[in-house]
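To be precise, the following lines are target.pdb, and they hold PDB, C-alpha atoms.
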MODEL        1
ATOM      1  CA  MET A   1      -3.860   1.398  36.108
ATOM      2  CA  ILE A   2      -4.201  -1.207  33.353
ATOM      3  CA  GLU A   3      -7.158   0.720  31.913
ATOM      4  CA  LYS A   4      -5.087   3.883  31.611
ATOM      5  CA  SER A   5      -2.167   2.014  30.038
ATOM      6  CA  PHE A   6      -4.431   0.240  27.555
ATOM      7  CA  ASN A   7      -6.177   3.489  26.598
ATOM      8  CA  ASP A   8      -2.839   5.260  26.255
ATOM      9  CA  VAL A   9      -1.538   2.645  23.804
ATOM     10  CA  PHE A  10      -4.830   2.515  21.901
ATOM     11  CA  ASP A  11      -4.960   6.325  21.680
ATOM     12  CA  ARG A  12      -1.387   6.462  20.392
ATOM     13  CA  PHE A  13      -2.198   3.987  17.611
ATOM     14  CA  LYS A  14      -5.323   5.997  16.723
ATOM     15  CA  PHE A  15      -3.350   9.230  16.808
ATOM     16  CA  GLN A  16      -0.765   7.877  14.384
ATOM     17  CA  PHE A  17      -3.469   6.287  12.202
ATOM     18  CA  PHE A  18      -5.477   9.515  11.936
ATOM     19  CA  ARG A  19      -2.341  11.522  11.257
ATOM     20  CA  ARG A  20      -1.497   9.236   8.355
ATOM     21  CA  ILE A  21      -5.090   9.179   7.067
ATOM     22  CA  PHE A  22      -5.241  12.956   6.943
ATOM     23  CA  ASP A  23      -1.761  13.120   5.475
ATOM     24  CA  GLN A  24      -3.056  10.946   2.626
ATOM     25  CA  VAL A  25      -6.363  12.821   2.258
ATOM     26  CA  ARG A  26      -5.702  15.825   0.068
ATOM     27  CA  GLU A  27      -7.959  18.179  -1.816
ATOM     28  CA  ARG A  28      -6.997  17.080  -5.315
ATOM     29  CA  ASP A  29      -8.702  15.199  -8.084
ATOM     30  CA  GLY A  30      -8.998  11.502  -7.305
ATOM     31  CA  SER A  31      -7.910  11.759  -3.667
ATOM     32  CA  LEU A  32      -9.775  10.006  -0.896
ATOM     33  CA  THR A  33     -12.032  11.780   1.543
ATOM     34  CA  ALA A  34     -11.736  10.776   5.185
ATOM     35  CA  MET A  35     -15.087   8.959   4.914
ATOM     36  CA  GLU A  36     -13.872   7.048   1.866
ATOM     37  CA  ALA A  37     -10.687   6.070   3.709
ATOM     38  CA  PHE A  38     -12.763   4.733   6.599
ATOM     39  CA  SER A  39     -15.071   2.924   4.154
ATOM     40  CA  LEU A  40     -12.050   1.162   2.639
ATOM     41  CA  GLU A  41     -10.909   0.141   6.114
ATOM     42  CA  ILE A  42     -14.323  -1.385   6.793
ATOM     43  CA  ILE A  43     -14.395  -3.212   3.449
ATOM     44  CA  ASP A  44     -10.961  -4.607   4.280
ATOM     45  CA  LEU A  45     -12.133  -5.806   7.708
ATOM     46  CA  LEU A  46     -15.292  -7.361   6.222
ATOM     47  CA  HIS A  47     -13.103  -9.285   3.728
ATOM     48  CA  ALA A  48     -14.705  -8.942   0.292
ATOM     49  CA  PRO A  49     -18.258  -8.135   1.372
ATOM     50  CA  THR A  50     -21.208  -7.649  -0.917
ATOM     51  CA  ILE A  51     -22.623  -4.123  -1.122
ATOM     52  CA  GLY A  52     -25.514  -5.358   1.012
ATOM     53  CA  GLN A  53     -23.162  -6.593   3.737
ATOM     54  CA  PHE A  54     -21.258  -3.311   3.608
ATOM     55  CA  ALA A  55     -24.523  -1.326   3.866
ATOM     56  CA  ASP A  56     -25.789  -3.511   6.725
ATOM     57  CA  PHE A  57     -22.575  -3.102   8.676
ATOM     58  CA  LEU A  58     -22.722   0.703   8.366
ATOM     59  CA  ASN A  59     -26.493   0.708   8.892
ATOM     60  CA  ILE A  60     -27.000   2.766   5.711
ATOM     61  CA  SER A  61     -29.218   2.263   2.676
ATOM     62  CA  GLN A  62     -28.028   0.093  -0.173
ATOM     63  CA  SER A  63     -28.226   3.086  -2.524
ATOM     64  CA  ASN A  64     -25.978   5.124  -0.216
ATOM     65  CA  ALA A  65     -23.512   2.220  -0.022
ATOM     66  CA  THR A  66     -23.599   1.878  -3.812
ATOM     67  CA  TYR A  67     -22.807   5.575  -4.185
ATOM     68  CA  LYS A  68     -19.777   5.217  -1.870
ATOM     69  CA  VAL A  69     -18.596   2.065  -3.647
ATOM     70  CA  ASN A  70     -18.933   3.630  -7.109
ATOM     71  CA  SER A  71     -16.825   6.596  -6.002
ATOM     72  CA  LEU A  72     -14.116   4.258  -4.658
ATOM     73  CA  MET A  73     -14.202   2.264  -7.885
ATOM     74  CA  ARG A  74     -13.809   5.425 -10.005
ATOM     75  CA  LYS A  75     -10.765   6.342  -7.918
ATOM     76  CA  GLY A  76      -9.278   2.886  -8.453
ATOM     77  CA  TYR A  77      -9.414   1.529  -4.890
ATOM     78  CA  LEU A  78     -12.090  -1.135  -5.444
ATOM     79  CA  VAL A  79     -13.203  -3.594  -8.074
ATOM     80  CA  ARG A  80     -16.325  -5.725  -8.269
ATOM     81  CA  GLN A  81     -16.005  -9.471  -8.607
ATOM     82  CA  ASN A  82     -18.936 -11.729  -9.420
ATOM     83  CA  SER A  83     -19.762 -14.307  -6.790
ATOM     84  CA  GLU A  84     -18.890 -17.867  -7.724
ATOM     85  CA  THR A  85     -22.103 -19.154  -6.146
ATOM     86  CA  ASP A  86     -24.572 -16.508  -7.370
ATOM     87  CA  ARG A  87     -23.619 -14.664 -10.562
ATOM     88  CA  ARG A  88     -26.170 -11.901  -9.788
ATOM     89  CA  GLU A  89     -24.185 -10.982  -6.685
ATOM     90  CA  TYR A  90     -20.735  -9.440  -6.565
ATOM     91  CA  HIS A  91     -18.117  -8.869  -3.900
ATOM     92  CA  LEU A  92     -16.052  -5.774  -3.232
ATOM     93  CA  ILE A  93     -12.390  -6.524  -3.849
ATOM     94  CA  LEU A  94      -9.660  -4.112  -2.830
ATOM     95  CA  SER A  95      -7.267  -3.110  -5.588
ATOM     96  CA  GLU A  96      -3.483  -2.909  -5.607
ATOM     97  CA  LYS A  97      -3.870   0.861  -5.204
ATOM     98  CA  PHE A  98      -5.568   0.227  -1.848
ATOM     99  CA  TYR A  99      -2.737  -2.015  -0.657
ATOM    100  CA  GLN A 100      -0.158   0.611  -1.600
ATOM    101  CA  TYR A 101      -2.161   3.138   0.405
ATOM    102  CA  MET A 102      -2.471   0.751   3.354
ATOM    103  CA  SER A 103       1.253   0.050   3.466
ATOM    104  CA  LEU A 104       1.721   3.714   4.339
ATOM    105  CA  LEU A 105      -0.766   3.399   7.179
ATOM    106  CA  THR A 106       0.513   0.131   8.647
ATOM    107  CA  SER A 107       4.194   1.040   8.652
ATOM    108  CA  TYR A 108       3.837   2.436  12.186
ATOM    109  CA  GLU A 109       2.449  -0.885  13.424
ATOM    110  CA  ASP A 110       5.466  -2.597  11.876
ATOM    111  CA  THR A 111       7.778  -0.124  13.582
ATOM    112  CA  VAL A 112       6.214  -0.732  16.999
ATOM    113  CA  MET A 113       6.319  -4.510  16.496
ATOM    114  CA  ALA A 114      10.035  -4.362  15.605
ATOM    115  CA  ARG A 115      10.690  -2.273  18.714
ATOM    116  CA  MET A 116       8.778  -4.778  20.853
ATOM    117  CA  LYS A 117      10.875  -7.649  19.498
ATOM    118  CA  GLU A 118      14.030  -5.756  20.448
ATOM    119  CA  ARG A 119      12.778  -4.759  23.905
ATOM    120  CA  PHE A 120      11.000  -7.907  25.170
ATOM    121  CA  SER A 121      12.047 -11.519  25.607
ATOM    122  CA  THR A 122      10.477 -14.345  23.610
ATOM    123  CA  GLU A 123       8.569 -15.432  26.721
ATOM    124  CA  GLU A 124       7.180 -11.928  27.296
ATOM    125  CA  LEU A 125       6.105 -11.652  23.666
ATOM    126  CA  GLU A 126       4.431 -15.072  23.818
ATOM    127  CA  ALA A 127       2.524 -14.041  26.965
ATOM    128  CA  PHE A 128       1.479 -10.781  25.307
ATOM    129  CA  GLU A 129       0.370 -12.655  22.196
ATOM    130  CA  LYS A 130      -1.708 -15.001  24.360
ATOM    131  CA  ILE A 131      -3.414 -12.033  26.030
ATOM    132  CA  LEU A 132      -4.133 -10.429  22.640
ATOM    133  CA  ARG A 133      -5.531 -13.715  21.293
ATOM    134  CA  VAL A 134      -7.881 -14.071  24.309
ATOM    135  CA  MET A 135      -8.970 -10.454  23.868
ATOM    136  CA  ALA A 136      -9.731 -10.973  20.174
ATOM    137  CA  ASP A 137     -11.308 -14.422  20.465
ATOM    138  CA  GLU A 138     -13.200 -14.190  23.753
ATOM    139  CA  LEU A 139     -13.509 -10.672  25.120
ATOM    140  CA  MET A 140     -14.740  -8.868  22.007
ATOM    141  CA  PRO A 141     -17.781 -10.877  20.816
ATOM    142  CA  GLU A 142     -19.148  -7.801  19.001
ATOM    143  CA  CYS A 143     -16.347  -8.286  16.494
ATOM    144  CA  ASP A 144     -16.817 -12.021  15.861
ATOM    145  CA  ALA A 145     -17.043 -11.612  12.075
ATOM    146  CA  ILE A 146     -13.637  -9.979  12.003
ATOM    147  CA  SER A 147     -12.110 -12.522  14.393
ATOM    148  CA  ALA A 148     -13.430 -15.481  12.393
ATOM    149  CA  ASP A 149     -12.233 -13.961   9.139
ATOM    150  CA  ARG A 150      -8.755 -13.261  10.477
ATOM    151  CA  ALA A 151      -8.485 -16.769  11.952
ATOM    152  CA  GLY A 152      -9.219 -18.205   8.508
ATOM    153  CA  GLN A 153      -6.359 -16.165   7.043
ATOM    154  CA  GLN A 154      -3.731 -17.503   9.471
TER     155      GLN A 154
ENDMDL
END
Show me the file's structure as structure tokens.
Amino acid sequence: MIEKSFNDVFDRFKFQFFRRIFDQVRERDGSLTAMEAFSLEIIDLLHAPTIGQFADFLNISQSNATYKVNSLMRKGYLVRQNSETDRREYHLILSEKFYQYMSLLTSYEDTVMARMKERFSTEELEAFEKILRVMADELMPECDAISADRAGQQ
């Protein structure tokens, strides 16, 4: 029962996310392809990775990653920033254009969160938050890089 409920919620978030992605992806000059939109999502989750880190995560060649990054830079979604520790290395920084794009995608999450706050008591929300925290911190070790990065941002 819990498996079905979890999958139903997860599928609904994916459904809304994909709907919004494809609503934003249009066949016009400078628009994002679906693959570019997903690449931006990954760069966001990796929190200012190098091209090498981005390539490693996707298990693609550095030249392929560079091609993707250059396209995203031309479209204004990414900028390169030299590393403070090694000037030969640079990090991928998301631009303001990316954050404007993302606000369209995350508005549904905000809507659901507002509805939850109206529907559930403080105690229920605290219990749910505790469950989510355990899931993120303990039950999903494959995503440790993301969990550690997000914890540093809180």
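Candidate residues A:Ala127, A:Ala34, A:Leu40, A:Ala55 were compared for distance to A:Val79, and the nearest is A:Leu40, using only C-alpha atoms.
If you look at atom CA of A:Phe98 and atom CA of A:Tyr77, they are 5.1 Å away from each other.
Atom to atom, atom CA of A:Phe15 and atom CA of A:Phe54 stand 25.5 Å apart.
For the pair atom CA of A:Asp11 and atom CA of A:Tyr108, the interatomic distance is 13.5 Å.
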Which centre and edge lengths in Å to one decimal define the box along x, y and z that fits every listed atom of stretch 65-74 of chain A plus 8 Å per side, as JSON?
{"center_x": -18.7, "center_y": 4.2, "center_z": -5.0, "size_x": 25.8, "size_y": 20.7, "size_z": 26.0}
With a cut-off of 7 Å, could you pull out the residues of stretch 19-82 of chain A touching stretch 87-94 of chain A and give me the nearest pair of atoms for each, distance in Å to one decimal, using only C-alpha atoms, ordered by chain and ascending number, as a tab-separated table?
residue	atom	partner	partner_atom	distance
A:Ala48	CA	A:Leu92	CA	4.9
A:Pro49	CA	A:His91	CA	5.3
A:Thr50	CA	A:His91	CA	4.5
A:Tyr77	CA	A:Leu94	CA	6.0
A:Leu78	CA	A:Leu94	CA	4.6
A:Val79	CA	A:Ile93	CA	5.2
A:Arg80	CA	A:Leu92	CA	5.0
A:Gln81	CA	A:Tyr90	CA	5.2
A:Asn82	CA	A:Tyr90	CA	4.1
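Distance annotation: of A:Tyr101, A:Glu96, A:Leu72, A:Thr66, the residue with the minimal separation from A:Ile21 is A:Tyr101; atom set is all atoms listed in the file.
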*For A:Leu32, please output as a VMD selection string all residues within 12 Å (counting all atoms listed in the file; exclusion window: fewer than 6 positions along the same chain).*
chain A and resid 21 to 26 38 to 40 68 71 to 77 97 to 98 101
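Using all atoms listed in the file, the smallest distance between any of A:Lys14, A:Met1, A:Asn70, A:Met102 and A:Glu41 comes from A:Met102.
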_Pick from A:Asn64, A:Ser31, A:Thr122, A:Gln16 nearest to A:Ile51, counting only C-alpha atoms_ = A:Asn64
